[in-house]
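Okay, structure first, notes after.
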Amino acid sequence: MVAVRADTASPDARAASPDARAAFPDARAAFPDARAVFFAAAPAYRTTANALPVEAAMPGTPAVDLSVRIGSLTLRTPVMPASGCFGPELGALIPVTELGATVTKTVFGSARGGNPVHRLTEIPAGMVNSVGIPSHGPAGYLASLHPRYAALDVPTIISVGGHRPSEYAPVVAALGENGAAFELNVSCPNLDRDGTDIGSDPAAIREVVAAVRLVTVKPIIVKLPVLVASIADCARAAEEAGADAVCVANSIPAMPLDALTRRPILGNVIGGLSGPSIKPIVLRLVWLASRAVQIPVIACGGVQTVDDALDYFSVGASAVQVGTASFARPFAAVEVARGLRQRCQDAGVGSIRELLELEVS
Amino acid sequence: MSADASLASEGAPSPGLLRQAQHGVDELDRREAYRQSREAAARARAFAEADAEALDGLVSVRPRQTVPRPQPVWDDAEVLVHEPVGERYRRLVVASSTIAHTALAGQFLMITVPPHAGDTILLPRPMAIHRRRPATADRPGTVEMIYGVVGRGTRALAAVPVGGTLQITGPLGRGFEFDSGTRSALLIGRGVGICGVMGAAEDARTTGIRTTMVLSGRSAEQLLGRADCAELGVRIIEATDDDGSSDLLTLQNSLRARFDGATPERTAPDVIMVCGAGVLARLAAELGAHWGVPVQASLEAHMACGLGYCHGCAGPVRTDPSVEGPLVCADGPVFDARIPVV
């Protein structure tokens, strides 16, 4: 559990000046805030034989087990942030240990500066971003960012990117024993194939996963893009090449124009659309992918609430990622995790599978 | 011809004639509206280009902060005041003792906008903290913001009633900092940018720094900050588009004349702090170069998280393509501003 840092523990400018402190006689008092209340509302856990904490059940009701296996990795709860929508900065704002895992921003093999301004905007259809994934490369990630993720005390899933299929395995090799699993972000333009998405080409997916499989025994998740001819073929390619899970999907390629000037809003002109409006599109993809493969499908697209998550579980997902929703409500993913547990408890069942069976019967 | 007969003969125009006339008027209105929208688009483009040009090479990340930044929190803050200020702005005062207590001058909040009239706003809106009023024995601490209603997000925000709650995250970013030994300061704000620098005036008041603030805006009636400056003992220089006093060259000349060193009262300030468009930051940097004093400029950017992890708010700083430049939310919003050496 990450300790909540008392606000009064961090000195501020006024405290540094004795005169200023005199001006605010209450300056050392602690104040309640909604964040502190949210932390305090964490469910009580007990530890089971397999050392996984499980909700302490009310007498007469089954203990709720939300755990999910991704290859050799067991997550306590099937809720995690989407890559790029989480950072260790959130460690003091939300109880991260109530999530199944954290997912890092994508790490590339070489350093990248990211795209020019503006990098994101909001239109009625949702958020559109083209941040361009600034990265310090694996060495920079390990030196500056990884220790902060590791300190959060939940499994770290390291997102890995590349500009061509051959670039992924060296990054995973360079990351070595760090991280609990790797999520391969194959929604990147393939510079060997005229900029087509690596993840839209089953042969390229196979090539990426097979190469990464040779350099790590840790679980491999393949994060597939939205614009593919057959999500089933892409998911099967990942599974056959040795992936432990697929994540479906990513933001949807889009191009926002300024209503007044009719000029592109984004510095990169095009970007990726995300938010609740993409959920029906991704639900279809998750349904199709779940029918095609035996490995777990992690759903990612417009999840804001526990019902969004249950919708994805009902079409075959084993876990969900929360992205855009976290910007307005940093606690959104934790709220979904708590909500899943609560729904199971309210229904008197021990798992999401049982809950869904109850709902359709 | 009797008066009555005259009326009867001139009579009301036929319905057909009325329709024709109305059609002509509508068409003129439409053409005028179209012309105005194109003019607004041209102004928006020109403003964006001037802003980018003015900021080119101007700003850099400030040297390492000596005072640790307060830990941001999120809070469900009761709306205590939410009212129009002039024609263009709204004042928002919310209760959050934690944030009122910890926020530093020039820091900002992310305000999560609740759904309004079927419209859902996804991203929180960054907003400068205008005033901080720490809790007393009988009332909670408050923070005050002033904003213009300019788009979907601020329209939805404007509908939040007094007594409702707003989720706010903060205090965020790196604000204005007075070096020890600072005796006098010139603060420059334009429009809602006046609120971006007001926190520095609060600190200056606390530490006894003599402060002058330029309040710049379109018209004298719409200027923000007069009452705040009066409360904080800040001398005011008004600069408006109406009388031309806000023109960049005019303003620069009048400020140079005002601080020409002729008397102790007219000694150049020890520091300049500015919040407004890029062109205003550049004007401040030119004054800073002229007087040989440091300049701190607060910038704006599109952002999603406000904490640094989304990397959405790249600052206007050129870097090697393989190196990410500073982020406005985490490395700013307050930067050093210096005229680049060509």
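Every chain in the structure tokens has a letter given in the order shown (A, B, ...), and although residue numbers restart at 1 in each chain, ligands are simply numbered from 1 in the order shown.
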Quiz item: Leaving out A:Ser290 and any residue of its chain fewer than 6 positions from it, which residues lie within 8 Å of it when counting only C-alpha atoms, given as a count of residues only?
Solution: 5
Quiz item: Between atom CA of B:Pro321 and atom CA of A:Ser187, what is the spacing in Å?
Solution: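 If I compute the distance from atom CA of A:Ser187 to atom CA of B:Pro321, I get 21.2 Å.
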Practice problem: Find the residues near A:Thr261: any atom within 9 Å, counting only C-alpha atoms, skip ones fewer than 6 places away on the same chain, and give them as a PyMOL selection string. | Solution: chain B and resi 38+40-42+44-45
Within 12 Å of stretch 228-232 of chain B, which residues of stretch 64-168 of chain B show up? Give each one with its shortest atom-to-atom distance in Å (one decimal) and the two atoms involved, counting only C-alpha atoms, rows by chain then rising residue number, as JSON lines.
```
{"residue": "B:His130", "atom": "CA", "partner": "B:Asp228", "partner_atom": "CA", "distance": 9.5}
{"residue": "B:Arg131", "atom": "CA", "partner": "B:Asp228", "partner_atom": "CA", "distance": 8.7}
{"residue": "B:Arg132", "atom": "CA", "partner": "B:Asp228", "partner_atom": "CA", "distance": 11.6}
{"residue": "B:Glu144", "atom": "CA", "partner": "B:Asp228", "partner_atom": "CA", "distance": 11.4}
```
Practice problem: Could you find all residues in stretch 40-284 of chain B that DSSP calls strand (DSSP E or B) from the backbone, and write them as a count of residues only? | Solution: 80
Quiz item: Pick from A:His146, A:Lys218, A:Arg112, A:Arg329: nearest to A:Phe182, with only C-alpha atoms counted?
Solution: A:Lys218
Quiz item: Using only C-alpha atoms, which of B:Cys310, B:Ser298, B:Thr165, B:Arg256 sits nearest A:Ala82?
Solution: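 Of B:Cys310, B:Ser298, B:Thr165, B:Arg256, the one nearest A:Ala82 is B:Cys310, counting only C-alpha atoms.
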Practice problem: Just give me the gap between atom CA of A:Val306 and atom CA of A:Ala333 in Å, one decimal is fine. | Solution: 9.1 Å
Exercise. Enumerate as a count of residues only all residues of stretch 158-267 of chain A assigned to alpha helix (DSSP H) by DSSP on the backbone, naming them with the chain letters and numbers the document uses.
Key: 30
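Minimum atom-to-atom distance to B:Val334, evaluated using only C-alpha atoms, belongs to B:Ala105 out of B:Leu17, B:Met145, B:Val67, B:Ala105.
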Exercise. Within 8 Å of A:Asn250, counting only C-alpha atoms, which residues show up once you throw out same-chain ones fewer than 5 positions away? Write them as an MDAnalysis selection string, please.
Key: chainID A and resid 187 223:226 300:301
